>>> print(open('work-v5.txt').read())   # compact mmCIF, C-alpha atoms
# COMPACT_ATOMS: atom_id res chain seq x y z
CA MET A 1 -79.27 -57.15 -8.86
CA ILE A 2 -80.29 -59.14 -11.95
CA ASP A 3 -82.78 -61.88 -11.04
CA THR A 4 -81.91 -64.70 -13.46
CA GLU A 5 -84.34 -67.16 -11.85
CA LYS A 6 -87.20 -64.76 -12.57
CA ALA A 7 -85.80 -64.27 -16.09
CA LYS A 8 -85.82 -68.05 -16.70
CA LYS A 9 -89.45 -68.24 -15.60
CA GLU A 10 -90.38 -65.42 -17.97
CA PHE A 11 -88.45 -67.13 -20.78
CA LEU A 12 -90.35 -70.39 -20.20
CA GLU A 13 -93.64 -68.48 -20.14
CA TYR A 14 -92.68 -66.88 -23.46
CA THR A 15 -91.78 -70.20 -25.07
CA ASN A 16 -95.13 -71.65 -23.94
CA ASN A 17 -96.66 -69.48 -26.66
CA PHE A 18 -95.13 -71.93 -29.15
CA ASP A 19 -95.56 -75.66 -29.77
CA THR A 20 -93.33 -77.03 -27.02
CA THR A 21 -94.21 -80.60 -28.04
CA ASN A 22 -92.27 -80.00 -31.25
CA PRO A 23 -88.74 -81.43 -30.74
CA HIS A 24 -87.18 -78.49 -32.60
CA ILE A 25 -88.81 -75.95 -30.27
CA LYS A 26 -88.13 -78.08 -27.18
CA GLY A 27 -84.50 -78.50 -28.23
CA LYS A 28 -83.97 -74.74 -28.45
CA ILE A 29 -85.47 -74.24 -24.99
CA TYR A 30 -83.01 -76.74 -23.51
CA HIS A 31 -80.18 -75.23 -25.55
CA SER A 32 -80.93 -71.74 -24.20
CA ILE A 33 -80.92 -72.93 -20.59
CA ARG A 34 -77.65 -74.84 -21.09
CA VAL A 35 -76.03 -71.83 -22.78
CA SER A 36 -77.03 -69.63 -19.85
CA GLU A 37 -75.31 -72.10 -17.49
CA ILE A 38 -72.18 -72.21 -19.66
CA SER A 39 -72.13 -68.39 -19.87
CA LEU A 40 -72.27 -68.24 -16.07
CA LYS A 41 -69.40 -70.75 -15.86
CA ILE A 42 -67.23 -68.78 -18.29
CA ALA A 43 -67.98 -65.48 -16.51
CA LYS A 44 -66.96 -67.04 -13.18
CA LYS A 45 -63.73 -68.39 -14.71
CA LEU A 46 -63.03 -64.87 -16.00
CA LYS A 47 -63.51 -63.62 -12.42
CA LEU A 48 -66.15 -61.06 -13.33
CA ASP A 49 -68.08 -59.41 -10.52
CA GLU A 50 -71.39 -60.85 -9.31
CA GLU A 51 -73.64 -58.58 -11.37
CA GLU A 52 -71.60 -59.17 -14.54
CA ILE A 53 -71.84 -62.93 -13.98
CA LYS A 54 -75.63 -62.59 -13.74
CA LEU A 55 -75.64 -60.43 -16.89
CA ALA A 56 -73.72 -63.11 -18.79
CA GLU A 57 -76.22 -65.71 -17.56
CA LEU A 58 -79.15 -63.51 -18.64
CA ILE A 59 -77.72 -63.03 -22.14
CA GLY A 60 -77.40 -66.80 -22.34
CA ILE A 61 -81.10 -67.19 -21.57
CA LEU A 62 -82.07 -64.61 -24.19
CA HIS A 63 -79.53 -65.19 -26.98
CA ASP A 64 -81.83 -67.45 -29.07
CA ILE A 65 -85.18 -65.87 -28.23
CA GLY A 66 -85.66 -65.21 -31.94
CA ARG A 67 -85.47 -68.92 -32.77
CA PHE A 68 -89.04 -69.73 -31.69
CA GLU A 69 -90.75 -67.19 -33.93
CA GLN A 70 -88.27 -68.06 -36.71
CA TYR A 71 -89.10 -71.77 -36.67
CA THR A 72 -92.84 -71.25 -36.20
CA LYS A 73 -93.02 -68.95 -39.23
CA TYR A 74 -90.43 -70.48 -41.57
CA LYS A 75 -90.11 -74.12 -40.35
CA THR A 76 -86.31 -73.82 -40.44
CA PHE A 77 -83.43 -72.62 -38.27
CA LYS A 78 -81.38 -71.67 -41.35
CA ASP A 79 -81.02 -67.90 -41.25
CA LEU A 80 -80.17 -67.61 -44.95
CA LYS A 81 -83.46 -69.32 -45.86
CA SER A 82 -85.56 -67.36 -43.35
CA ILE A 83 -84.45 -64.48 -41.12
CA ASP A 84 -81.41 -63.58 -39.03
CA HIS A 85 -82.41 -64.95 -35.61
CA GLY A 86 -80.02 -62.66 -33.72
CA MET A 87 -81.59 -59.54 -35.23
CA LEU A 88 -85.06 -61.00 -34.70
CA GLY A 89 -84.27 -61.64 -31.03
CA VAL A 90 -83.30 -57.99 -30.52
CA LYS A 91 -86.51 -56.89 -32.28
CA ILE A 92 -88.65 -59.10 -30.00
CA LEU A 93 -87.00 -57.71 -26.85
CA LYS A 94 -87.46 -54.11 -28.05
CA GLU A 95 -91.12 -54.47 -29.01
CA ASN A 96 -93.36 -52.99 -26.31
CA ASN A 97 -90.24 -52.78 -24.13
CA TYR A 98 -90.51 -56.55 -23.55
CA ILE A 99 -86.92 -56.63 -22.23
CA ARG A 100 -88.18 -55.09 -18.95
CA LYS A 101 -89.76 -58.45 -18.13
CA TYR A 102 -86.22 -59.81 -17.81
CA ILE A 103 -84.27 -56.91 -16.31
CA LYS A 104 -85.65 -53.79 -14.66
CA ASP A 105 -82.63 -51.51 -15.09
CA PRO A 106 -82.13 -50.34 -18.71
CA LYS A 107 -78.42 -49.60 -18.21
CA TYR A 108 -77.42 -52.96 -19.73
CA ASP A 109 -79.83 -52.87 -22.68
CA LYS A 110 -77.24 -51.97 -25.31
CA ILE A 111 -74.81 -54.66 -24.09
CA ILE A 112 -77.60 -57.26 -24.22
CA GLU A 113 -78.71 -56.13 -27.70
CA LYS A 114 -75.18 -56.11 -29.13
CA ALA A 115 -74.37 -59.52 -27.66
CA ILE A 116 -77.55 -61.13 -29.04
CA ASN A 117 -77.18 -59.43 -32.42
CA ASN A 118 -73.57 -60.62 -32.77
CA HIS A 119 -73.79 -64.10 -31.27
CA ASN A 120 -74.62 -65.78 -34.59
CA LYS A 121 -72.54 -63.71 -37.01
CA PHE A 122 -69.46 -65.08 -38.75
CA GLN A 123 -67.48 -62.18 -37.27
CA ILE A 124 -68.12 -59.69 -34.46
CA GLU A 125 -69.01 -56.22 -35.71
CA LYS A 126 -66.43 -53.46 -35.37
CA GLY A 127 -66.80 -50.52 -33.02
CA LEU A 128 -68.20 -52.24 -29.93
CA SER A 129 -67.39 -50.84 -26.50
CA GLU A 130 -65.13 -52.90 -24.22
CA LYS A 131 -68.12 -54.27 -22.26
CA GLU A 132 -70.19 -54.96 -25.38
CA GLU A 133 -67.30 -56.92 -26.87
CA LEU A 134 -66.66 -58.83 -23.63
CA PHE A 135 -70.25 -60.09 -23.32
CA THR A 136 -70.49 -60.75 -27.05
CA LYS A 137 -67.42 -62.98 -26.80
CA ILE A 138 -68.81 -64.79 -23.75
CA ILE A 139 -72.10 -65.65 -25.48
CA ARG A 140 -70.36 -66.68 -28.70
CA ASP A 141 -68.12 -69.06 -26.74
CA ALA A 142 -70.98 -70.44 -24.64
CA ASP A 143 -73.13 -71.03 -27.73
CA LYS A 144 -70.32 -72.95 -29.45
CA LEU A 145 -69.57 -75.00 -26.34
CA ASP A 146 -73.16 -76.17 -26.23
CA ILE A 147 -73.01 -77.00 -29.94
CA PHE A 148 -70.03 -79.24 -29.09
CA TYR A 149 -72.23 -80.93 -26.48
CA GLU A 150 -75.04 -81.35 -29.00
CA ALA A 151 -72.58 -82.71 -31.58
CA GLU A 152 -71.54 -85.35 -29.03
CA GLU A 153 -75.02 -86.22 -27.75
CA ILE A 154 -77.74 -85.18 -30.21
CA PHE A 155 -76.81 -84.32 -33.80
CA TRP A 156 -76.66 -86.59 -36.86
CA GLU A 157 -78.73 -89.57 -35.74
CA ASN A 158 -80.31 -89.73 -39.20
CA GLU A 159 -77.12 -88.81 -41.09
CA LYS A 160 -74.71 -91.20 -39.37
CA GLU A 161 -74.36 -93.67 -42.25
CA GLU A 162 -73.95 -90.87 -44.79
CA ILE A 163 -71.21 -89.19 -42.72
CA GLU A 164 -69.37 -92.46 -42.20
CA SER A 165 -69.22 -93.14 -45.94
CA SER A 166 -68.53 -89.59 -47.18
CA LYS A 167 -65.34 -87.78 -48.13
CA ILE A 168 -64.25 -84.41 -46.74
CA SER A 169 -64.30 -81.69 -49.39
CA GLU A 170 -60.78 -80.57 -50.27
CA LYS A 171 -61.44 -76.89 -49.47
CA VAL A 172 -62.97 -77.78 -46.09
CA TYR A 173 -60.00 -79.97 -45.16
CA ASN A 174 -57.49 -77.32 -46.26
CA GLU A 175 -59.30 -74.61 -44.31
CA PHE A 176 -59.27 -76.74 -41.19
CA MET A 177 -55.58 -77.54 -41.52
CA SER A 178 -54.92 -73.80 -41.99
CA LYS A 179 -56.60 -73.30 -38.59
CA ARG A 180 -59.57 -71.33 -39.92
CA ILE A 181 -63.23 -71.64 -39.03
CA ILE A 182 -65.06 -73.09 -42.01
CA GLU A 183 -67.60 -70.90 -43.79
CA ASN A 184 -70.97 -72.44 -44.64
CA SER A 185 -70.48 -71.75 -48.37
CA LEU A 186 -67.62 -74.30 -48.45
CA LYS A 187 -69.58 -77.18 -46.93
CA GLN A 188 -70.76 -79.71 -49.52
CA ASN A 189 -72.15 -82.51 -47.33
CA ASN A 190 -72.91 -83.47 -43.72
CA LEU A 191 -69.33 -84.62 -43.12
CA ASP A 192 -68.17 -81.12 -44.06
CA LYS A 193 -70.70 -79.72 -41.55
CA PHE A 194 -69.28 -82.12 -38.94
CA ILE A 195 -65.75 -80.80 -39.63
CA GLY A 196 -67.17 -77.27 -39.54
CA ILE A 197 -68.29 -77.77 -35.95
CA ILE A 198 -64.86 -79.03 -34.90
CA SER A 199 -63.38 -75.91 -36.56
CA PHE A 200 -65.26 -73.81 -33.98
CA ILE A 201 -62.16 -74.21 -31.80
CA TYR A 202 -60.52 -71.58 -34.03
CA ASP A 203 -63.21 -69.03 -33.12
CA ILE A 204 -63.15 -69.44 -29.33
CA ASN A 205 -62.28 -66.21 -27.55
CA PHE A 206 -61.15 -67.21 -24.07
CA LYS A 207 -58.59 -69.66 -22.76
CA GLU A 208 -61.16 -70.49 -20.08
CA SER A 209 -63.58 -71.68 -22.80
CA LEU A 210 -60.90 -73.81 -24.45
CA GLU A 211 -60.23 -75.38 -21.05
CA ILE A 212 -63.88 -76.50 -20.91
CA ILE A 213 -63.61 -78.08 -24.37
CA LYS A 214 -60.48 -79.94 -23.26
CA GLU A 215 -61.95 -80.94 -19.87
CA GLN A 216 -65.04 -82.38 -21.58
CA ASN A 217 -62.89 -84.13 -24.22
CA TYR A 218 -65.42 -82.97 -26.83
CA ILE A 219 -63.27 -83.43 -29.95
CA LYS A 220 -62.43 -87.06 -29.25
CA LYS A 221 -65.98 -87.89 -28.14
CA ILE A 222 -67.52 -86.33 -31.26
CA ILE A 223 -65.14 -88.15 -33.60
CA GLU A 224 -65.60 -91.47 -31.83
CA ARG A 225 -69.34 -91.43 -32.61
CA PHE A 226 -68.47 -92.47 -36.16
CA ASP A 227 -66.82 -95.43 -37.87
CA PHE A 228 -65.46 -93.84 -41.04
CA LYS A 229 -65.36 -96.24 -43.99
CA ASN A 230 -63.21 -94.35 -46.48
CA GLN A 231 -59.47 -94.80 -45.89
CA GLN A 232 -58.58 -91.25 -46.93
CA THR A 233 -61.27 -89.88 -44.63
CA LYS A 234 -59.97 -92.01 -41.73
CA GLU A 235 -56.47 -90.57 -42.19
CA GLN A 236 -57.76 -87.02 -42.50
CA ILE A 237 -59.89 -87.40 -39.37
CA LYS A 238 -56.81 -88.61 -37.46
CA GLU A 239 -54.94 -85.50 -38.58
CA ILE A 240 -57.88 -83.27 -37.64
CA GLU A 241 -58.02 -84.81 -34.16
CA LYS A 242 -54.26 -84.46 -33.74
CA ILE A 243 -54.21 -80.82 -34.93
CA SER A 244 -57.21 -80.00 -32.69
CA GLU A 245 -55.62 -81.46 -29.56
CA GLU A 246 -52.32 -79.68 -30.25
CA TYR A 247 -54.15 -76.41 -30.87
CA LEU A 248 -56.09 -76.66 -27.59
CA LYS A 249 -52.98 -77.59 -25.63
CA ASN A 250 -50.91 -74.70 -27.05
CA LYS A 251 -53.66 -72.11 -26.67
CA ILE A 252 -54.38 -73.11 -23.09
CA LYS A 253 -50.70 -73.11 -22.24
CA GLY A 254 -50.56 -69.60 -23.67
>>> encode(input="work-v5.txt", output="structure tokens")
Amino acid sequence: MIDTEKAKKEFLEYTNNFDTTNPHIKGKIYHSIRVSEISLKIAKKLKLDEEEIKLAELIGILHDIGRFEQYTKYKTFKDLKSIDHGMLGVKILKENNYIRKYIKDPKYDKIIEKAINNHNKFQIEKGLSEKEELFTKIIRDADKLDIFYEAEEIFWENEKEEIESSKISEKVYNEFMSKRIIENSLKQNNLDKFIGIISFIYDINFKESLEIIKEQNYIKKIIERFDFKNQQTKEQIKEIEKISEEYLKNKIKG
């Protein structure tokens, strides 16, 4: 049986090697623990067996293990300006067989590696086995669900005024209305990044994950953090909220 409590303790011991007083490092520790809990919740909703539920939880703990070395070395979480943190996480777990500190049996190693390597990519790589794809989709959903939480509770404290007075880029708005997740290359300002997070609904894999988004009322709560000044932006935001709610309702209904 996978011992996720022991794995969490090892994870916290690992992160103690970094500056845990730094809010960026501390934030990623909390994020990893929350993602592990969301992964467990999704796995239970999918009615996986007990060991698979624990495996999903473990992948949640480990999915961002590359973030700590990334930030310490490059002072950024932007992969394009530093290093791919999914690939770095896999490298860390492979070095000196460090993964054995988290799970004794190597039979799940490839699933864990594939899930971590794919959790942060724009698209899942082709050619995964059924199990590799399943756990990759679980961690991708759990990661995005916690980003919704962070968007409601944590993000944009210093950018609030800018977002409230900005306009949505035309390409970003059109992509959203076409029900496509927004690529980073299209985002011109922090309001575009805000819309980009809402567009994550278009890249959620399981109905069970969409149910969590709806239950938590994330879209409405995120939007209500802001008092948009521009009239065109106000109208576009109303449409985005309406389209989002309709999309969730229809997808959940199936």
>>> atom_distance(input="work-v5.txt", atom1="CA of Ser178 in chain A", atom2="CA of Ile252 in chain A")
18.9 Å
>>> residues_near_point(input="work-v5.txt", point="(-70.8, -81.9, -27.3)", cutoff="9 Å", atoms="all atoms listed in the file", output="PyMOL selection string")
chain A and resi 145-154+213+216-219+221-222
>>> write_last_selection(input="work-v5.txt", atoms="C-alpha atoms", output="mmCIF file, in the frame of the given file")
data_model
loop_
_atom_site.group_PDB
_atom_site.id
_atom_site.type_symbol
_atom_site.label_atom_id
_atom_site.label_comp_id
_atom_site.auth_asym_id
_atom_site.auth_seq_id
_atom_site.Cartn_x
_atom_site.Cartn_y
_atom_site.Cartn_z
ATOM 1 C CA LEU A 145 -69.570 -75.000 -26.340
ATOM 2 C CA ASP A 146 -73.160 -76.170 -26.230
ATOM 3 C CA ILE A 147 -73.010 -77.000 -29.940
ATOM 4 C CA PHE A 148 -70.030 -79.240 -29.090
ATOM 5 C CA TYR A 149 -72.230 -80.930 -26.480
ATOM 6 C CA GLU A 150 -75.040 -81.350 -29.000
ATOM 7 C CA ALA A 151 -72.580 -82.710 -31.580
ATOM 8 C CA GLU A 152 -71.540 -85.350 -29.030
ATOM 9 C CA GLU A 153 -75.020 -86.220 -27.750
ATOM 10 C CA ILE A 154 -77.740 -85.180 -30.210
ATOM 11 C CA ILE A 213 -63.610 -78.080 -24.370
ATOM 12 C CA GLN A 216 -65.040 -82.380 -21.580
ATOM 13 C CA ASN A 217 -62.890 -84.130 -24.220
ATOM 14 C CA TYR A 218 -65.420 -82.970 -26.830
ATOM 15 C CA ILE A 219 -63.270 -83.430 -29.950
ATOM 16 C CA LYS A 221 -65.980 -87.890 -28.140
ATOM 17 C CA ILE A 222 -67.520 -86.330 -31.260
#
>>> closest_residue(input="work-v5.txt", among="A:Glu211, A:Glu241, A:Glu50, A:Asp84", to="Gly66 in chain A", atoms="all atoms listed in the file")
A:Asp84
>>> residues_around(input="work-v5.txt", residues="Ser32 in chain A", least_positions_apart="6", cutoff="10 Å", atoms="only C-alpha atoms", output="VMD selection string")
chain A and resid 8 11 38 59 to 65 143 146
>>> closest_residue(input="work-v5.txt", among="A:Asp203, A:Glu161, A:Glu235, A:Glu175", to="Ile138 in chain A", atoms="all atoms listed in the file")
A:Asp203
>>> closest_residue(input="work-v5.txt", among="A:Asn158, A:Ser39, A:Gln70, A:Ser166", to="Gln232 in chain A", atoms="only C-alpha atoms")
A:Ser166
>>> closest_residue(input="work-v5.txt", among="A:Arg225, A:Lys126, A:Arg67, A:Lys107", to="Tyr14 in chain A", atoms="only C-alpha atoms")
A:Arg67
>>> residues_around(input="work-v5.txt", residues="Phe228 in chain A", least_positions_apart="2", cutoff="7 Å", atoms="all atoms listed in the file", output="PDB file with C-alpha atoms, in the frame of the given file")
ATOM      1  CA  GLU A 164     -69.370 -92.460 -42.200  1.00  0.00           C
ATOM      2  CA  SER A 165     -69.220 -93.140 -45.940  1.00  0.00           C
ATOM      3  CA  PHE A 226     -68.470 -92.470 -36.160  1.00  0.00           C
ATOM      4  CA  ASN A 230     -63.210 -94.350 -46.480  1.00  0.00           C
ATOM      5  CA  THR A 233     -61.270 -89.880 -44.630  1.00  0.00           C
ATOM      6  CA  LYS A 234     -59.970 -92.010 -41.730  1.00  0.00           C
TER       7      LYS A 234
END
>>> closest_residue(input="work-v5.txt", among="A:Gln236, A:Asn117, A:Asn205, A:Thr76", to="Glu170 in chain A", atoms="only C-alpha atoms")
A:Gln236
>>> atom_distance(input="work-v5.txt", atom1="CA of Lys75 in chain A", atom2="CA of Lys101 in chain A")
27.2 Å
>>> closest_residue(input="work-v5.txt", among="A:Ile25, A:Leu40, A:Leu55, A:Val35", to="Ile2 in chain A", atoms="all atoms listed in the file")
A:Leu55
>>> residues_around(input="work-v5.txt", residues="Asn250 in chain A", least_positions_apart="4", cutoff="12 Å", atoms="all atoms listed in the file", output="tab-separated table (two decimals) with C-alpha atoms, in the coordinates of the input")
chain	number	residue	atom	x	y	z
A	207	LYS	CA	-58.59	-69.66	-22.76
A	210	LEU	CA	-60.90	-73.81	-24.45
A	211	GLU	CA	-60.23	-75.38	-21.05
A	214	LYS	CA	-60.48	-79.94	-23.26
A	243	ILE	CA	-54.21	-80.82	-34.93
A	244	SER	CA	-57.21	-80.00	-32.69
A	245	GLU	CA	-55.62	-81.46	-29.56
A	246	GLU	CA	-52.32	-79.68	-30.25
A	254	GLY	CA	-50.56	-69.60	-23.67
>>> atom_distance(input="work-v5.txt", atom1="CA of Ile212 in chain A", atom2="CA of Ile42 in chain A")
8.8 Å
>>> residues_around(input="work-v5.txt", residues="Phe200 in chain A", least_positions_apart="6", cutoff="10 Å", atoms="only C-alpha atoms", output="list in words")
Asp141, Lys144, Leu145, Ile147, Phe148, Phe176, Lys179, Arg180, Ile181 and Ile182 of chain A
